[in-house]
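The structure file start_5.cif is reproduced below (mmCIF, C-alpha atoms).
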```cif
data_run
loop_
_atom_site.label_atom_id
_atom_site.label_comp_id
_atom_site.auth_asym_id
_atom_site.auth_seq_id
_atom_site.Cartn_x
_atom_site.Cartn_y
_atom_site.Cartn_z
CA MET A 1 190.20 39.87 103.32
CA SER A 2 191.15 42.35 106.04
CA ALA A 3 189.28 45.34 107.46
CA ILE A 4 190.16 48.88 106.47
CA LEU A 5 192.03 50.53 109.35
CA ILE A 6 190.40 53.82 110.30
CA ASP A 7 193.25 56.29 110.75
CA GLY A 8 192.21 58.48 113.66
CA LYS A 9 195.52 60.33 113.62
CA ALA A 10 195.05 61.46 110.01
CA ARG A 11 191.41 62.50 110.53
CA ALA A 12 192.36 64.36 113.71
CA ALA A 13 195.14 66.19 111.89
CA ARG A 14 192.65 67.40 109.28
CA LEU A 15 190.22 68.55 111.96
CA ARG A 16 192.96 70.39 113.83
CA ALA A 17 193.95 72.16 110.60
CA GLU A 18 190.31 73.21 110.10
CA VAL A 19 190.19 74.51 113.67
CA ALA A 20 193.38 76.52 113.15
CA LEU A 21 191.79 78.24 110.15
CA GLY A 22 188.71 79.01 112.22
CA VAL A 23 190.85 80.41 115.02
CA ALA A 24 192.64 82.74 112.59
CA GLU A 25 189.25 83.92 111.33
CA ILE A 26 187.88 84.66 114.78
CA VAL A 27 191.09 86.48 115.76
CA SER A 28 190.66 88.76 112.75
CA VAL A 29 187.07 89.53 113.81
CA ARG A 30 187.38 90.11 117.55
CA GLY A 31 191.11 90.72 117.97
CA ARG A 32 191.97 87.87 120.33
CA ALA A 33 192.32 84.12 120.19
CA PRO A 34 189.91 81.72 121.88
CA GLY A 35 191.00 80.82 125.40
CA LEU A 36 190.82 77.39 127.03
CA ALA A 37 191.26 76.99 130.78
CA VAL A 38 192.11 73.51 132.04
CA VAL A 39 191.82 72.67 135.74
CA LEU A 40 193.88 69.76 137.10
CA VAL A 41 193.43 68.61 140.68
CA GLY A 42 196.20 66.41 142.10
CA GLU A 43 199.10 64.64 140.44
CA ASP A 44 197.51 61.67 138.67
CA PRO A 45 200.14 60.69 136.07
CA ALA A 46 197.69 59.83 133.28
CA SER A 47 195.71 63.04 133.83
CA SER A 48 198.89 65.12 133.92
CA VAL A 49 200.06 63.70 130.57
CA TYR A 50 196.63 64.22 129.06
CA VAL A 51 196.44 67.83 130.25
CA ARG A 52 199.93 68.52 128.91
CA ASN A 53 198.96 67.10 125.49
CA LYS A 54 195.81 69.20 125.46
CA GLY A 55 197.88 72.31 126.17
CA VAL A 56 200.27 71.59 123.32
CA ALA A 57 197.43 70.95 120.86
CA THR A 58 195.57 74.09 121.96
CA ARG A 59 198.60 76.32 121.42
CA GLU A 60 199.40 74.68 118.07
CA ALA A 61 195.89 75.63 116.91
CA GLY A 62 196.59 79.26 117.78
CA MET A 63 194.48 79.32 120.94
CA VAL A 64 195.43 80.50 124.41
CA SER A 65 195.88 77.66 126.90
CA VAL A 66 195.87 78.35 130.64
CA GLU A 67 196.37 75.56 133.19
CA HIS A 68 195.26 75.77 136.81
CA LYS A 69 196.91 73.09 138.94
CA LEU A 70 195.46 72.52 142.39
CA PRO A 71 196.69 70.18 145.15
CA ALA A 72 194.90 66.86 145.64
CA ASP A 73 193.62 67.96 149.06
CA VAL A 74 192.01 71.16 147.80
CA GLY A 75 188.54 71.72 149.17
CA GLY A 76 185.43 71.53 147.05
CA ASP A 77 184.52 75.13 147.85
CA ALA A 78 187.91 76.36 146.61
CA LEU A 79 187.48 74.47 143.34
CA LEU A 80 183.97 75.88 142.90
CA ALA A 81 185.34 79.38 143.54
CA LEU A 82 187.89 78.89 140.75
CA VAL A 83 185.16 77.69 138.40
CA ALA A 84 183.11 80.80 139.21
CA THR A 85 186.11 83.00 138.45
CA LEU A 86 186.66 81.28 135.10
CA ASN A 87 182.96 81.54 134.27
CA ALA A 88 183.21 85.31 134.71
CA ASP A 89 186.50 85.73 132.82
CA ASP A 90 185.75 87.12 129.36
CA ALA A 91 189.12 85.87 128.04
CA VAL A 92 188.09 82.28 128.78
CA ASP A 93 185.87 80.68 126.12
CA GLY A 94 186.17 77.09 127.29
CA ILE A 95 186.62 75.43 130.68
CA LEU A 96 187.69 71.84 131.20
CA VAL A 97 187.91 70.28 134.66
CA GLN A 98 190.03 67.16 134.24
CA LEU A 99 188.37 64.00 135.55
CA PRO A 100 188.55 61.99 137.70
CA LEU A 101 188.55 64.32 140.69
CA PRO A 102 189.64 63.20 144.19
CA ARG A 103 186.95 61.26 146.02
CA HIS A 104 186.25 64.02 148.54
CA ILE A 105 185.07 66.34 145.75
CA ASP A 106 181.59 65.98 144.23
CA ALA A 107 182.36 65.91 140.49
CA ASP A 108 178.68 66.32 139.53
CA LYS A 109 178.45 69.49 141.60
CA VAL A 110 181.58 70.92 139.95
CA ILE A 111 180.33 70.11 136.43
CA ALA A 112 176.94 71.65 137.21
CA ALA A 113 178.72 74.85 138.33
CA LEU A 114 180.28 75.38 134.89
CA ASP A 115 178.81 77.94 132.53
CA PRO A 116 177.14 75.63 129.95
CA ALA A 117 178.38 77.94 127.17
CA LYS A 118 181.98 77.27 128.27
CA ASP A 119 181.54 73.53 129.00
CA VAL A 120 183.77 72.22 126.20
CA ASP A 121 183.67 68.67 127.60
CA GLY A 122 179.91 68.67 127.01
CA PHE A 123 179.15 67.15 130.43
CA HIS A 124 176.92 69.88 131.89
CA PRO A 125 173.28 68.78 132.35
CA VAL A 126 172.13 71.60 130.04
CA ASN A 127 174.35 70.39 127.19
CA ALA A 128 173.45 66.75 127.87
CA GLY A 129 169.75 67.65 127.80
CA ARG A 130 170.03 69.71 124.62
CA LEU A 131 171.81 66.82 122.90
CA MET A 132 169.10 64.37 123.94
CA ILE A 133 166.27 66.53 122.54
CA GLY A 134 168.12 67.37 119.35
CA GLN A 135 169.03 70.98 120.04
CA PRO A 136 172.48 72.53 119.34
CA ALA A 137 174.90 71.77 122.15
CA LEU A 138 178.52 71.30 123.09
CA VAL A 139 178.88 67.54 122.61
CA PRO A 140 181.26 65.26 124.56
CA CYS A 141 184.50 65.01 122.60
CA THR A 142 184.97 61.25 122.32
CA PRO A 143 181.53 60.38 120.86
CA LYS A 144 181.73 63.45 118.63
CA GLY A 145 185.00 62.13 117.21
CA CYS A 146 183.58 58.61 116.86
CA LEU A 147 180.68 59.92 114.79
CA MET A 148 183.09 61.70 112.44
CA LEU A 149 185.03 58.47 111.90
CA ILE A 150 181.85 56.47 111.30
CA GLU A 151 180.47 58.96 108.79
CA GLU A 152 183.77 59.11 106.94
CA ALA A 153 183.69 55.32 106.58
CA LEU A 154 179.99 54.79 105.82
CA GLY A 155 178.55 58.11 104.66
CA ASP A 156 174.81 58.36 105.30
CA LEU A 157 173.81 56.49 108.46
CA SER A 158 170.05 56.64 107.92
CA GLY A 159 168.46 53.29 108.76
CA ARG A 160 171.74 51.61 109.73
CA GLU A 161 171.71 49.14 112.64
CA ALA A 162 174.02 50.54 115.32
CA LEU A 163 175.08 49.00 118.64
CA VAL A 164 176.66 51.05 121.42
CA ILE A 165 178.26 48.90 124.11
CA GLY A 166 178.54 51.01 127.25
CA ARG A 167 176.11 53.39 128.94
CA SER A 168 178.33 56.03 130.51
CA SER A 169 177.39 59.70 130.37
CA ILE A 170 180.81 60.41 128.84
CA VAL A 171 180.60 58.09 125.82
CA GLY A 172 177.76 55.58 125.66
CA LYS A 173 174.68 57.74 126.18
CA PRO A 174 175.80 60.71 124.05
CA MET A 175 177.01 58.30 121.35
CA ALA A 176 173.56 56.73 121.19
CA ALA A 177 171.98 60.20 120.96
CA LEU A 178 174.29 61.28 118.14
CA LEU A 179 173.61 58.12 116.12
CA THR A 180 169.87 58.47 116.71
CA ALA A 181 170.05 62.05 115.42
CA LYS A 182 171.58 60.63 112.22
CA SER A 183 168.53 58.35 111.86
CA ALA A 184 170.40 55.14 112.71
CA THR A 185 168.49 52.41 114.56
CA VAL A 186 170.34 52.29 117.87
CA THR A 187 170.64 49.62 120.57
CA VAL A 188 172.50 50.32 123.81
CA ALA A 189 174.13 47.32 125.45
CA HIS A 190 176.42 46.98 128.46
CA SER A 191 178.28 44.49 130.63
CA ARG A 192 175.03 42.94 131.89
CA THR A 193 173.34 42.57 128.51
CA ARG A 194 172.07 39.07 127.78
CA ASP A 195 173.24 37.54 124.50
CA LEU A 196 175.63 40.36 123.70
CA ALA A 197 177.00 38.27 120.82
CA GLY A 198 173.54 38.19 119.25
CA HIS A 199 173.26 41.97 119.40
CA VAL A 200 176.73 42.40 117.89
CA ALA A 201 175.88 40.00 115.06
CA ARG A 202 173.03 42.25 113.88
CA ALA A 203 174.93 45.54 113.98
CA GLU A 204 176.35 47.33 110.97
CA ILE A 205 178.01 49.78 113.37
CA VAL A 206 179.57 48.68 116.67
CA VAL A 207 180.90 51.25 119.14
CA ALA A 208 182.62 49.46 122.04
CA ALA A 209 183.05 51.65 125.14
CA VAL A 210 182.64 49.31 128.08
CA GLY A 211 186.19 49.24 129.49
CA ILE A 212 186.70 45.47 129.40
CA PRO A 213 189.75 44.24 127.44
CA ALA A 214 188.87 42.24 124.29
CA MET A 215 185.27 41.79 125.42
CA VAL A 216 183.91 41.83 121.86
CA GLN A 217 185.06 38.79 119.90
CA GLY A 218 185.69 38.95 116.17
CA GLU A 219 183.45 35.98 115.39
CA TRP A 220 180.50 37.89 116.88
CA LEU A 221 180.73 40.63 114.25
CA ARG A 222 178.45 40.97 111.28
CA PRO A 223 180.76 40.65 108.23
CA GLY A 224 181.69 44.10 106.95
CA ALA A 225 180.68 45.94 110.13
CA CYS A 226 182.21 49.31 111.04
CA VAL A 227 183.87 48.82 114.44
CA ILE A 228 184.83 51.79 116.62
CA ASP A 229 186.88 50.71 119.63
CA VAL A 230 186.85 53.36 122.36
CA GLY A 231 188.47 51.13 124.98
CA ILE A 232 191.95 51.88 126.29
CA ASN A 233 192.96 49.09 128.64
CA ARG A 234 196.47 48.39 129.90
CA VAL A 235 197.22 44.65 130.10
CA VAL A 236 200.36 42.66 130.81
CA GLY A 237 201.39 40.21 128.11
CA ALA A 238 203.05 36.82 128.45
CA ASP A 239 206.42 38.58 128.22
CA GLY A 240 205.60 40.62 131.31
CA LYS A 241 205.39 43.87 129.37
CA GLY A 242 202.39 46.18 129.50
CA ARG A 243 200.50 47.16 126.37
CA LEU A 244 197.32 48.96 125.43
CA VAL A 245 194.37 47.02 124.04
CA GLY A 246 190.80 47.96 123.22
CA ASP A 247 187.42 46.51 124.13
CA VAL A 248 187.43 44.54 120.86
CA ASP A 249 189.68 41.54 120.22
CA PHE A 250 191.53 43.20 117.37
CA ALA A 251 193.21 40.11 115.91
CA SER A 252 189.97 38.17 115.48
CA ALA A 253 187.99 41.24 114.37
CA LEU A 254 190.42 42.33 111.66
CA PRO A 255 189.51 39.64 109.08
CA ARG A 256 185.76 40.01 109.68
CA ALA A 257 185.08 43.74 110.05
CA GLY A 258 184.78 46.12 107.11
CA TRP A 259 186.36 49.03 109.01
CA ILE A 260 188.01 49.12 112.43
CA THR A 261 189.87 51.59 114.63
CA PRO A 262 193.20 50.47 116.06
CA VAL A 263 194.14 50.96 119.72
CA PRO A 264 196.04 53.19 120.10
CA GLY A 265 195.81 55.53 117.09
CA GLY A 266 192.09 55.38 116.43
CA VAL A 267 189.65 57.23 118.65
CA GLY A 268 192.18 58.81 121.01
CA PRO A 269 193.58 61.50 118.66
CA MET A 270 190.03 62.50 117.72
CA THR A 271 189.14 63.29 121.34
CA ILE A 272 191.69 66.09 121.66
CA ALA A 273 190.92 67.38 118.15
CA CYS A 274 187.22 67.58 119.05
CA LEU A 275 188.09 69.44 122.25
CA LEU A 276 189.71 72.10 120.07
CA ALA A 277 186.66 72.12 117.80
CA ASN A 278 184.37 72.55 120.82
CA THR A 279 186.49 75.43 122.12
CA LEU A 280 186.25 77.15 118.74
CA GLN A 281 182.49 76.51 118.68
CA ALA A 282 182.14 78.04 122.16
CA ALA A 283 184.22 81.07 121.15
CA ARG A 284 182.13 81.65 118.03
CA ALA A 285 178.90 81.42 120.00
CA ARG A 286 180.18 83.88 122.62
CA ALA A 287 181.44 86.27 119.92
#
```
Taking this structure as input, can you express it in the form of structure tokens?
Amino acid sequence: MSAILIDGKARAARLRAEVALGVAEIVSVRGRAPGLAVVLVGEDPASSVYVRNKGVATREAGMVSVEHKLPADVGGDALLALVATLNADDAVDGILVQLPLPRHIDADKVIAALDPAKDVDGFHPVNAGRLMIGQPALVPCTPKGCLMLIEEALGDLSGREALVIGRSSIVGKPMAALLTAKSATVTVAHSRTRDLAGHVARAEIVVAAVGIPAMVQGEWLRPGACVIDVGINRVVGADGKGRLVGDVDFASALPRAGWITPVPGGVGPMTIACLLANTLQAARARA
């Protein structure tokens, strides 16, 4: 028996279609489309590709996409001044500062300078705090997308045993908060957890977001578990060619899991789709 592959591309396509309908509705009400401003500092190739893909997806949904590209040596004060300008721009509903930023810039200070109502990445301390205490918030895109995939596979999560591997503020911590809000029983593990295999064996839901290739072995899994692999790791195979792999050993997990996301094609497409959903949410709230 083999696990059901969770098709993140298909679910993302449906979400993007829903967003497009919402955009058309808000245009009819207030006469303009939601606007997303993306700030890119430097020329990091991966960030540049990601920003370009975000721009394409934003425009396809009927939104306005504006990119602000700054040199890698830009000063922190100049970046903060741009953020302040975007905060005050009524045509901008969402602001995304692409991470990582150059080392000489304090990323936490930049994120804290964002208007929380326009923080479509969901990283601002106000949004993080509202999520933790169960109040409405703009939620980080990757865990938001993961939750959608989990619920589509399992339905009601009340009482389910869930394990989140990874404790970052971008994925791990908000993922744990979202699952807790759905009444799952949540454990947070990480690279220093003792007996990680024992924790995995008890979990009906496993979200792996630790950034270590194939860290989670298939034989650790509880049979029938729903496995969400957030990891995107580039490794070089025996043939010398690079390929992307997740944090879960896919080959050994496939015959044991009940549901599993592939890498690529699982969580990744949901992240951009949820960014669009967050931008629409921010526009509706501001309208």
TODO: Give the answer as one residue: which of A:Thr279, A:Val110, A:Thr187, A:Leu5 has the shortest atom-to-atom distance to Ala253 of chain A, using all atoms listed in the file?
DONE: A:Leu5
Task: Result set, the PyMOL selection byres ((chain A and resi 261) around 12) on current file, as a PyMOL selection string - done: chain A and resi 3-9+11+145-146+149-150+153+206-208+225-232+245-250+253-254+257-260+262-270
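The residue that comes closest to Glu161 of chain A, out of A:Val19, A:Ala282, A:Val83, A:Ala203 and on the basis of all atoms listed in the file, is A:Ala203.
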- [ ] Spell out the residues picked by the PyMOL selection byres ((chain A and resi 163) around 12) here, as a ChimeraX atom specification.
- [x] /A:160-162,164-167,172-173,175-177,179-180,184-190,193,196-209,216,221-222,225-229
Task: Residues selected by the PyMOL selection byres ((chain A and resi 52) around 12), written as number ranges by chain - done: A: 38-40, 45-51, 53-59, 65-69, 98, 272
Assuming 4 Å of padding per side, give the centre and edge lengths of the axis-aligned box around every listed atom of segment 173-183 of chain A, in Å to one decimal and as lines of an AutoDock Vina configuration file.
```
center_x = 172.8
center_y = 59.4
center_z = 119.0
size_x = 16.5
size_y = 13.3
size_z = 22.3
```
Task: Nearest-residue call for Glu151 of chain A, choices A:Ala287, A:Val171, A:Ala117, A:Lys182, using only C-alpha atoms - done: A:Lys182
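Of note, atom CA of Arg192 of chain A and atom CA of Met215 of chain A are spaced 12.2 Å apart.
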Open item on the list: For a test of reading the model, state the distance in Å between atom CA of Asp121 of chain A and atom CA of Leu96 of chain A, rounded to one decimal.
Closed with: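 Separation between atom CA of Asp121 of chain A and atom CA of Leu96 of chain A: 6.3 Å.
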